[in-house]
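Below is the file work-v2.txt, which contains compact mmCIF, C-alpha atoms.
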```
# COMPACT_ATOMS: atom_id res chain seq x y z
CA MET A 1 -12.53 -22.73 -8.47
CA ASP A 2 -12.03 -19.05 -8.88
CA LYS A 3 -11.11 -17.97 -12.34
CA ARG A 4 -9.11 -14.82 -13.07
CA LYS A 5 -7.55 -13.55 -16.22
CA THR A 6 -4.87 -11.64 -14.38
CA CYS A 7 -2.65 -13.68 -12.10
CA PHE A 8 -4.45 -14.10 -8.87
CA PHE A 9 -5.67 -16.28 -6.11
CA PRO A 10 -5.43 -17.80 -2.00
CA GLY A 11 -1.48 -17.29 -2.94
CA PHE A 12 -3.31 -17.97 0.29
CA PHE A 13 -5.92 -20.40 -0.94
CA TRP A 14 -8.57 -20.42 -0.26
CA GLY A 15 -11.30 -19.77 -2.56
CA MET A 16 -9.10 -21.90 -4.49
CA PHE A 17 -8.67 -21.63 -8.18
CA ALA A 18 -7.72 -18.78 -10.41
CA THR A 19 -10.07 -15.90 -11.01
CA ILE A 20 -10.84 -13.91 -14.10
CA VAL A 21 -11.28 -10.32 -13.12
CA ILE A 22 -14.16 -9.18 -15.24
CA VAL A 23 -13.84 -5.43 -15.68
CA ALA A 24 -17.51 -4.84 -16.09
CA GLY A 25 -17.83 -1.23 -15.05
CA ILE A 26 -20.71 -2.17 -12.83
CA GLY A 27 -21.83 0.45 -10.35
CA ILE A 28 -23.61 -0.08 -7.07
CA GLY A 29 -26.64 1.69 -8.47
CA LEU A 30 -27.40 -1.36 -10.63
CA PHE A 31 -28.89 -3.12 -7.68
CA PHE A 32 -31.38 -0.37 -6.91
CA SER A 33 -32.22 0.78 -10.43
CA SER A 34 -35.84 0.56 -11.49
CA GLU A 35 -34.87 0.37 -15.15
CA GLY A 36 -34.79 -2.83 -17.21
CA ASN A 37 -36.41 -6.10 -16.31
CA SER A 38 -38.03 -5.64 -12.90
CA GLU A 39 -37.78 -9.37 -12.20
CA LYS A 40 -34.01 -9.11 -12.31
CA ASN A 41 -33.77 -5.99 -10.15
CA ILE A 42 -34.51 -5.49 -6.49
CA SER A 43 -38.30 -5.18 -6.06
CA ASP A 44 -39.95 -1.90 -5.02
CA LYS A 45 -41.13 -3.67 -1.88
CA THR A 46 -37.57 -4.59 -0.96
CA LYS A 47 -36.27 -1.08 -1.65
CA TYR A 48 -39.05 0.37 0.50
CA LYS A 49 -38.25 -2.01 3.35
CA VAL A 50 -34.53 -1.17 3.25
CA ASN A 51 -35.35 2.54 3.40
CA TYR A 52 -37.81 1.96 6.26
CA LEU A 53 -35.24 -0.05 8.23
CA GLN A 54 -32.80 2.82 7.74
CA GLN A 55 -35.35 5.22 9.21
CA LEU A 56 -35.91 2.96 12.22
CA ILE A 57 -32.17 2.70 12.82
CA ASP A 58 -31.80 6.49 12.61
CA LYS A 59 -34.68 7.03 15.01
CA TYR A 60 -34.22 4.29 17.62
CA TYR A 61 -30.77 2.70 17.47
CA LEU A 62 -28.84 3.61 20.61
CA GLU A 63 -25.46 4.20 18.98
CA ASP A 64 -24.42 6.24 15.97
CA ALA A 65 -24.64 3.90 12.99
CA ASP A 66 -21.83 3.79 10.45
CA SER A 67 -23.50 4.36 7.08
CA LYS A 68 -20.70 2.64 5.16
CA GLN A 69 -20.99 -0.47 7.32
CA LEU A 70 -24.75 -0.50 6.85
CA GLU A 71 -24.40 -0.27 3.08
CA ALA A 72 -21.78 -3.02 3.03
CA GLY A 73 -24.11 -5.17 5.13
CA VAL A 74 -26.88 -4.77 2.55
CA TYR A 75 -24.62 -5.86 -0.29
CA LYS A 76 -23.11 -8.72 1.69
CA GLY A 77 -26.56 -9.93 2.68
CA LEU A 78 -27.75 -9.84 -0.93
CA VAL A 79 -24.92 -12.12 -2.06
CA GLU A 80 -25.18 -14.37 1.01
CA GLY A 81 -28.83 -14.86 0.06
CA LEU A 82 -27.63 -17.03 -2.83
CA GLY A 83 -26.72 -19.71 -0.31
CA ASP A 84 -23.44 -20.29 -2.13
CA PRO A 85 -20.38 -20.37 0.18
CA TYR A 86 -18.12 -19.39 -2.72
CA SER A 87 -20.04 -16.23 -3.70
CA VAL A 88 -18.95 -13.25 -1.61
CA TYR A 89 -19.20 -9.45 -1.61
CA TYR A 90 -15.96 -7.59 -0.82
CA THR A 91 -15.65 -4.02 0.37
CA ALA A 92 -13.01 -1.89 -1.36
CA GLU A 93 -10.55 -2.60 1.45
CA GLU A 94 -11.22 -6.34 1.39
CA TYR A 95 -10.86 -6.46 -2.38
CA GLN A 96 -7.48 -4.73 -2.26
CA GLU A 97 -6.27 -7.32 0.25
CA LEU A 98 -7.64 -10.12 -1.90
CA MET A 99 -5.71 -8.86 -4.92
CA LYS A 100 -2.43 -9.28 -3.06
CA ASP A 101 -2.94 -12.97 -2.42
CA THR A 102 -1.20 -14.66 -5.33
CA SER A 103 2.12 -12.88 -5.72
CA GLY A 104 3.78 -15.47 -3.47
CA VAL A 105 5.08 -12.62 -1.28
CA TYR A 106 3.10 -10.98 1.53
CA TYR A 107 3.40 -9.85 5.14
CA GLY A 108 1.89 -12.35 7.50
CA ILE A 109 2.67 -15.38 9.64
CA GLY A 110 3.42 -18.15 7.12
CA ALA A 111 0.63 -20.66 7.80
CA MET A 112 -1.68 -22.26 5.24
CA MET A 113 -5.29 -22.74 6.26
CA SER A 114 -8.38 -24.45 4.92
CA GLN A 115 -12.07 -24.23 5.80
CA ASP A 116 -14.73 -26.91 6.15
CA LEU A 117 -17.64 -25.50 4.16
CA GLU A 118 -20.22 -27.43 6.19
CA THR A 119 -19.03 -26.47 9.67
CA GLY A 120 -17.21 -23.22 8.85
CA VAL A 121 -14.23 -24.39 10.91
CA ILE A 122 -10.84 -23.05 9.80
CA THR A 123 -7.86 -25.33 10.28
CA VAL A 124 -4.11 -24.84 9.83
CA ILE A 125 -2.98 -27.43 7.28
CA LYS A 126 0.66 -26.39 6.93
CA VAL A 127 3.16 -24.21 8.79
CA PHE A 128 6.16 -23.21 6.68
CA GLN A 129 9.70 -23.50 7.97
CA GLY A 130 11.40 -20.34 9.19
CA THR A 131 8.18 -18.31 9.38
CA PRO A 132 6.74 -16.42 12.37
CA ALA A 133 4.02 -19.05 12.79
CA LYS A 134 6.62 -21.83 12.96
CA LYS A 135 8.76 -19.92 15.44
CA ALA A 136 5.72 -19.23 17.63
CA GLY A 137 4.89 -22.95 17.81
CA MET A 138 1.78 -23.14 15.64
CA LEU A 139 1.17 -26.63 14.25
CA ALA A 140 -0.70 -28.21 11.37
CA GLY A 141 -4.05 -29.37 12.71
CA ASP A 142 -4.56 -26.35 14.97
CA VAL A 143 -8.13 -25.04 14.67
CA VAL A 144 -8.27 -21.26 14.38
CA TYR A 145 -10.74 -20.05 17.01
CA LYS A 146 -10.14 -16.29 17.28
CA VAL A 147 -8.22 -13.58 15.41
CA GLU A 148 -7.70 -10.33 17.31
CA GLY A 149 -10.16 -11.53 19.93
CA ARG A 150 -13.00 -12.18 17.47
CA GLU A 151 -14.35 -15.68 16.81
CA VAL A 152 -13.86 -16.74 13.18
CA ASP A 153 -15.95 -19.91 12.85
CA GLY A 154 -18.14 -19.54 9.78
CA LYS A 155 -16.41 -16.36 8.60
CA ASP A 156 -15.22 -16.10 5.00
CA LEU A 157 -11.73 -17.59 4.89
CA ASN A 158 -10.38 -14.88 2.59
CA LYS A 159 -11.39 -12.23 5.12
CA VAL A 160 -9.92 -14.13 8.04
CA VAL A 161 -6.65 -14.45 6.15
CA ALA A 162 -6.75 -10.72 5.34
CA ASP A 163 -7.08 -10.00 9.08
CA ILE A 164 -4.11 -12.23 9.86
CA LYS A 165 -1.96 -10.47 7.29
CA GLY A 166 -0.89 -6.88 7.86
CA ALA A 167 2.00 -4.43 7.95
CA ASN A 168 5.50 -5.78 8.41
CA GLY A 169 6.56 -5.84 12.06
CA THR A 170 3.06 -5.55 13.50
CA GLU A 171 1.55 -8.09 15.88
CA VAL A 172 -1.51 -10.27 15.41
CA SER A 173 -3.27 -12.22 18.18
CA ILE A 174 -4.54 -15.69 17.25
CA THR A 175 -6.24 -18.27 19.45
CA VAL A 176 -6.24 -21.88 18.30
CA TYR A 177 -7.67 -25.10 19.66
CA ARG A 178 -5.21 -28.01 19.67
CA SER A 179 -7.16 -31.25 19.90
CA SER A 180 -4.09 -33.39 20.63
CA GLU A 181 -3.62 -31.43 23.86
CA ASN A 182 -7.32 -30.63 24.43
CA ARG A 183 -6.63 -26.96 25.08
CA TYR A 184 -6.80 -23.47 23.63
CA ILE A 185 -3.52 -21.70 22.91
CA ASP A 186 -3.06 -17.94 22.54
CA PHE A 187 -0.39 -16.73 20.11
CA LYS A 188 0.93 -13.22 19.64
CA ILE A 189 2.82 -13.38 16.36
CA VAL A 190 4.83 -10.58 14.76
CA ARG A 191 4.15 -10.39 11.03
CA ASP A 192 7.08 -10.63 8.65
CA GLU A 193 7.65 -10.83 4.92
CA ILE A 194 6.61 -14.27 3.73
CA ASN A 195 8.20 -15.47 0.52
CA ILE A 196 7.35 -19.12 0.24
CA PRO A 197 8.43 -21.27 -2.69
CA THR A 198 5.44 -23.15 -4.05
CA ILE A 199 7.66 -25.89 -5.54
CA GLU A 200 10.00 -28.28 -3.73
CA SER A 201 11.89 -30.91 -5.69
CA LYS A 202 14.48 -33.65 -5.25
CA MET A 203 15.56 -37.07 -6.48
CA LEU A 204 13.93 -39.59 -4.16
CA ASP A 205 15.91 -42.49 -5.55
CA LYS A 206 18.81 -41.79 -7.90
CA LYS A 207 19.39 -45.47 -8.56
CA GLU A 208 15.80 -46.03 -9.72
CA GLY A 209 15.61 -42.59 -11.32
CA ILE A 210 12.63 -41.43 -9.23
CA GLY A 211 12.09 -37.69 -9.12
CA TYR A 212 9.75 -35.77 -6.81
CA ILE A 213 8.04 -32.39 -7.10
CA GLN A 214 5.75 -31.03 -4.41
CA ILE A 215 3.35 -28.27 -5.51
CA THR A 216 1.93 -26.42 -2.50
CA GLU A 217 -0.19 -23.91 -4.48
CA PHE A 218 -0.69 -22.75 -8.06
CA ASP A 219 0.42 -19.11 -7.73
CA GLU A 220 1.96 -16.55 -10.07
CA VAL A 221 5.47 -17.81 -9.34
CA THR A 222 4.66 -21.52 -9.56
CA TYR A 223 5.02 -22.11 -13.29
CA GLU A 224 8.60 -20.79 -13.53
CA GLN A 225 9.56 -22.65 -10.35
CA PHE A 226 8.03 -25.83 -11.74
CA VAL A 227 9.85 -25.65 -15.09
CA LYS A 228 13.15 -24.98 -13.33
CA ALA A 229 12.66 -27.93 -10.97
CA LEU A 230 11.61 -30.25 -13.78
CA ASN A 231 14.66 -29.38 -15.89
CA GLN A 232 16.98 -29.94 -12.93
CA LEU A 233 15.51 -33.38 -12.32
CA LYS A 234 15.81 -34.30 -16.00
CA LYS A 235 19.54 -33.55 -15.82
CA GLN A 236 19.82 -36.15 -13.04
CA ASN A 237 18.62 -38.96 -15.31
CA MET A 238 15.09 -39.00 -13.96
CA LYS A 239 13.06 -41.94 -15.32
CA GLY A 240 9.75 -41.26 -13.54
CA ILE A 241 8.26 -38.62 -11.28
CA ILE A 242 5.91 -38.20 -8.32
CA PHE A 243 3.85 -35.00 -8.19
CA ASP A 244 2.78 -34.33 -4.61
CA ILE A 245 -0.33 -32.11 -4.42
CA ARG A 246 -1.44 -33.16 -0.96
CA ASP A 247 -2.91 -30.21 0.99
CA ASN A 248 -2.73 -28.05 -2.15
CA PRO A 249 -5.90 -25.91 -2.02
CA GLY A 250 -5.70 -24.75 -5.63
CA GLY A 251 -4.77 -21.42 -7.15
CA LEU A 252 -4.58 -19.92 -10.59
CA TYR A 253 -6.41 -21.47 -13.52
CA ASP A 254 -3.85 -20.30 -16.08
CA THR A 255 -0.97 -21.58 -13.94
CA VAL A 256 -2.24 -25.14 -13.58
CA CYS A 257 -3.05 -25.29 -17.29
CA SER A 258 0.44 -24.03 -18.20
CA ILE A 259 2.01 -26.70 -16.01
CA LEU A 260 -0.18 -29.43 -17.49
CA ASP A 261 0.81 -28.22 -20.96
CA GLU A 262 4.44 -28.96 -20.03
CA ILE A 263 3.77 -32.58 -19.15
CA LEU A 264 0.77 -33.80 -21.18
CA PRO A 265 0.50 -34.41 -24.95
CA LYS A 266 -1.84 -32.61 -27.33
CA GLY A 267 -5.47 -32.59 -26.20
CA VAL A 268 -8.11 -30.99 -23.99
CA LEU A 269 -6.85 -30.31 -20.46
CA VAL A 270 -10.07 -28.96 -18.94
CA TYR A 271 -13.20 -27.17 -20.07
CA THR A 272 -15.89 -25.03 -18.45
CA MET A 273 -19.61 -24.50 -19.06
CA ASP A 274 -21.71 -21.54 -17.91
CA LYS A 275 -25.49 -21.16 -17.44
CA TYR A 276 -25.87 -20.41 -21.16
CA ASN A 277 -24.00 -23.62 -22.11
CA THR A 278 -21.07 -21.57 -23.39
CA LYS A 279 -18.01 -23.83 -23.48
CA GLU A 280 -14.44 -22.66 -22.88
CA VAL A 281 -11.64 -25.13 -23.55
CA LYS A 282 -8.00 -25.24 -22.44
CA GLU A 283 -5.73 -27.42 -24.59
CA SER A 284 -2.13 -28.59 -24.53
CA ASP A 285 0.30 -28.83 -27.42
CA GLU A 286 2.35 -31.84 -28.51
CA LYS A 287 5.29 -31.19 -26.15
CA CYS A 288 5.03 -33.49 -23.15
CA LEU A 289 6.90 -35.29 -20.38
CA ASN A 290 7.32 -38.74 -21.83
CA MET A 291 7.88 -40.79 -18.68
CA PRO A 292 5.82 -42.56 -15.98
CA MET A 293 4.05 -40.26 -13.53
CA VAL A 294 2.29 -40.63 -10.18
CA VAL A 295 0.13 -37.96 -8.53
CA LEU A 296 -0.11 -38.02 -4.75
CA GLN A 297 -3.30 -36.39 -3.41
CA ASN A 298 -5.44 -36.25 -0.27
CA GLU A 299 -8.74 -34.84 0.98
CA ASN A 300 -7.29 -31.30 1.05
CA SER A 301 -6.28 -31.37 -2.63
CA ALA A 302 -8.83 -29.03 -4.16
CA SER A 303 -9.86 -27.09 -7.23
CA ALA A 304 -6.80 -26.41 -9.41
CA SER A 305 -5.17 -29.46 -7.81
CA GLU A 306 -8.11 -31.54 -8.96
CA ILE A 307 -7.79 -30.16 -12.47
CA PHE A 308 -4.15 -31.28 -12.34
CA ALA A 309 -4.92 -34.79 -11.08
CA GLY A 310 -8.03 -35.16 -13.25
CA ALA A 311 -6.19 -34.29 -16.46
CA ILE A 312 -3.33 -36.71 -15.78
CA GLN A 313 -5.82 -39.45 -14.91
CA ASP A 314 -8.02 -38.87 -17.98
CA PHE A 315 -4.99 -38.76 -20.31
CA ASP A 316 -3.93 -42.12 -18.83
CA ALA A 317 -0.57 -40.44 -18.29
CA GLY A 318 -0.09 -41.57 -14.71
CA GLU A 319 -1.54 -43.17 -11.57
CA ILE A 320 -3.29 -41.27 -8.75
CA VAL A 321 -2.35 -42.40 -5.23
CA GLY A 322 -3.85 -41.33 -1.91
CA THR A 323 -7.37 -40.51 -0.76
CA GLN A 324 -10.44 -38.93 -2.39
CA SER A 325 -9.79 -35.28 -3.21
CA PHE A 326 -11.84 -32.34 -1.91
CA GLY A 327 -14.39 -32.07 -4.72
CA LYS A 328 -14.54 -28.49 -5.99
CA GLY A 329 -15.66 -28.45 -9.61
CA ILE A 330 -17.07 -24.95 -9.95
CA VAL A 331 -15.58 -21.68 -11.12
CA GLN A 332 -15.87 -18.24 -9.57
CA SER A 333 -15.23 -14.84 -11.17
CA VAL A 334 -14.39 -11.70 -9.25
CA ILE A 335 -16.17 -8.68 -10.69
CA PRO A 336 -14.83 -5.28 -9.59
CA LEU A 337 -17.37 -2.49 -9.10
CA GLU A 338 -17.03 1.24 -9.77
CA ASP A 339 -16.61 2.18 -6.11
CA GLY A 340 -13.61 -0.14 -5.62
CA SER A 341 -15.61 -2.99 -4.10
CA ALA A 342 -16.10 -6.34 -5.82
CA VAL A 343 -18.31 -9.40 -5.90
CA LYS A 344 -17.21 -12.99 -6.39
CA LEU A 345 -19.83 -15.18 -8.06
CA THR A 346 -19.95 -18.81 -9.07
CA ILE A 347 -20.32 -18.71 -12.86
CA GLN A 348 -19.23 -22.04 -14.34
CA ASN A 349 -18.83 -25.76 -13.85
CA TYR A 350 -15.53 -27.27 -14.92
CA TYR A 351 -14.99 -30.69 -16.44
CA THR A 352 -12.03 -33.04 -16.76
CA PRO A 353 -10.91 -34.05 -20.29
CA LYS A 354 -13.35 -37.00 -20.29
CA GLY A 355 -16.25 -34.77 -19.27
CA LYS A 356 -16.42 -35.50 -15.54
CA ASN A 357 -17.61 -32.79 -13.15
CA ILE A 358 -16.15 -33.68 -9.78
CA HIS A 359 -17.97 -31.08 -7.67
CA GLY A 360 -19.01 -32.65 -4.38
CA LYS A 361 -17.35 -35.90 -5.43
CA GLY A 362 -13.63 -35.37 -5.91
CA ILE A 363 -11.04 -37.32 -7.87
CA THR A 364 -11.00 -41.04 -7.04
CA PRO A 365 -7.43 -42.36 -6.67
CA ASP A 366 -6.32 -45.36 -8.71
CA VAL A 367 -4.50 -46.64 -5.63
CA LYS A 368 -6.19 -45.78 -2.33
CA LYS A 369 -3.87 -45.15 0.59
CA ALA A 370 -4.66 -43.12 3.71
CA ALA A 371 -2.08 -41.46 5.93
CA ASP A 372 -1.61 -43.31 9.23
CA GLY A 373 -0.22 -40.45 11.32
CA GLY A 374 3.05 -42.25 11.91
CA LYS A 375 6.58 -41.00 11.43
CA LYS A 376 6.88 -42.71 8.04
CA ASP A 377 5.07 -41.22 5.06
CA VAL A 378 3.15 -44.33 4.01
CA GLN A 379 1.41 -42.50 1.16
CA LEU A 380 4.70 -41.37 -0.36
CA ASN A 381 6.17 -44.85 0.06
CA THR A 382 3.15 -46.31 -1.75
CA ALA A 383 3.50 -43.76 -4.55
CA LYS A 384 7.15 -44.69 -4.91
CA LYS A 385 6.34 -48.40 -5.22
CA VAL A 386 3.65 -47.68 -7.81
CA LEU A 387 6.10 -45.58 -9.82
CA GLU A 388 8.82 -48.22 -9.63
CA LYS A 389 6.42 -50.72 -11.24
CA LEU A 390 5.48 -48.22 -13.95
CA ILE A 391 9.15 -47.57 -14.75
CA LYS A 392 9.88 -51.28 -15.05
CA SER A 393 6.78 -52.13 -17.06
```
Entire entry expressed as structure tokens:
Amino acid sequence: MDKRKTCFFPGFFWGMFATIVIVAGIGIGLFFSSEGNSEKNISDKTKYKVNYLQQLIDKYYLEDADSKQLEAGVYKGLVEGLGDPYSVYYTAEEYQELMKDTSGVYYGIGAMMSQDLETGVITVIKVFQGTPAKKAGMLAGDVVYKVEGREVDGKDLNKVVADIKGANGTEVSITVYRSSENRYIDFKIVRDEINIPTIESKMLDKKEGIGYIQITEFDEVTYEQFVKALNQLKKQNMKGIIFDIRDNPGGLYDTVCSILDEILPKGVLVYTMDKYNTKEVKESDEKCLNMPMVVLQNENSASASEIFAGAIQDFDAGEIVGTQSFGKGIVQSVIPLEDGSAVKLTIQNYYTPKGKNIHGKGITPDVKKAADGGKKDVQLNTAKKVLEKLIKS
């Protein structure tokens, strides 16, 4: 979970969860300063070795080394040394791209991707209608192998996404592996403006009064879209609702809390704890959605999505249907540096209202139902049956 005060995160996913931009005024020189507690600064031995390696590169390396790339490599390596896949150093250019990710509008191809943190494999989980990716024939389930001819396995997902995005009308080359056809496919896709609604809603069954809202991400635009959709469904005599957060990778912390505040009664929605045991609490007011609810989730429901499902489950406000969620119960903060670069660090654990940290575990559904790959959406049908019982009870 990335946590930002200003509206932010993987509109394209991926780090998943809002991020507080801590304007710390931290300069690069902090890392190589000899002042302060020496145990918390880079050791003299390390500084000497970096300088010596620089001398060797200058003296022996066949090509002309790019000093900026070398410096960035030092900083990236320092953060990678934490062994935390969610902590990342961003160059100034990468940080600027990252900051564009949650507006809901960008220039790209219109495909949502996720990354397996153990294997580093990046997979397309959704291709939006009417987008360049859809027109080119990209499918959910395609494994992204190369972008612009460079292999991307194990690369930071945010950076891969930044490479896929670009100026309007420009072309990007992407190679995917499609397991269903056992072959690699090369795409040349022309980027276009992508303006994807993060909320889709409808009445699934007007007779039974069953409403449906799908939330694809928790972006800047999501809260207003959600309130509008909810009000429209209420006008159609909705008696119960299904919230579909399958394949939702997360998004903004403030956004998911604002949405939960619309539907849950007064109480703690989520809280976080840092290394100093400092507790930060998000609460809802008395206004709530007083009707039966079902949340539909799967293994790709992560971070902010798990805050959403966890709060509804702990409030006993609804049933969770589907499969075990992803299991991301930690918070990241993006800290901008004086030279325009930034570092994203894991800084907190988050907990559901009843004090559960689901990191590495996920949210356990009340009703387990896996997708069967058939034409019928068996998970949605199960959610509908569960909701029908709740409405009649």
For the atom pair atom CA of A:Tyr75 and atom CA of A:Ser341, what is the interatomic distance in Å to one decimal place? 10.2 Å
So how many Å separate atom CA of A:Thr272 and atom CA of A:Lys354, to one decimal? 12.4 Å
Please write out, as AutoDock Vina command-line options, where the centre of an axis-aligned box around all listed atoms of stretch 367-378 of chain A lies and how long its edges are, in Å to one decimal, after adding 5 Å on each side.
```
--center_x 0.3 --center_y -43.5 --center_z 3.1 --size_x 23.1 --size_y 16.2 --size_z 27.5
```
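Taking atom CA of A:Gly166 and atom CA of A:Arg191 as endpoints, the distance between them is 6.9 Å.
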Compute the distance from (-10.1, -28.1, -18.6) to each atom, counting all atoms listed in the file, keep the residues with any atom at most 9 Å away, and return them as a PyMOL selection string; use the coordinates of the file. chain A and resi 257+268-272+280-283+307+311+350-353
For A:Gly130, the nearest of the candidates A:Gln225, A:Asp192, A:Asp366, A:Leu252, counting all atoms listed in the file: A:Asp192
With distances taken over only C-alpha atoms, the candidate from A:Lys59, A:Arg183, A:Lys68, A:Lys239 nearest A:Glu388 is A:Lys239
Write out as JSON, numbers by chain each polymer residue whose atoms come within 8 Å of A:Lys384, counting all atoms listed in the file; drop sequence neighbours fewer than 3 positions from it. {"A": [210, 242, 380, 381, 387, 388]}
Please provide the set of residues having any atom within 12 Å of A:Asp84, restricted to only C-alpha atoms, with same-chain residues fewer than 2 positions apart removed, written as an MDAnalysis selection string. chainID A and resid 77:82 86:89 117:118 156 330 332 344:347
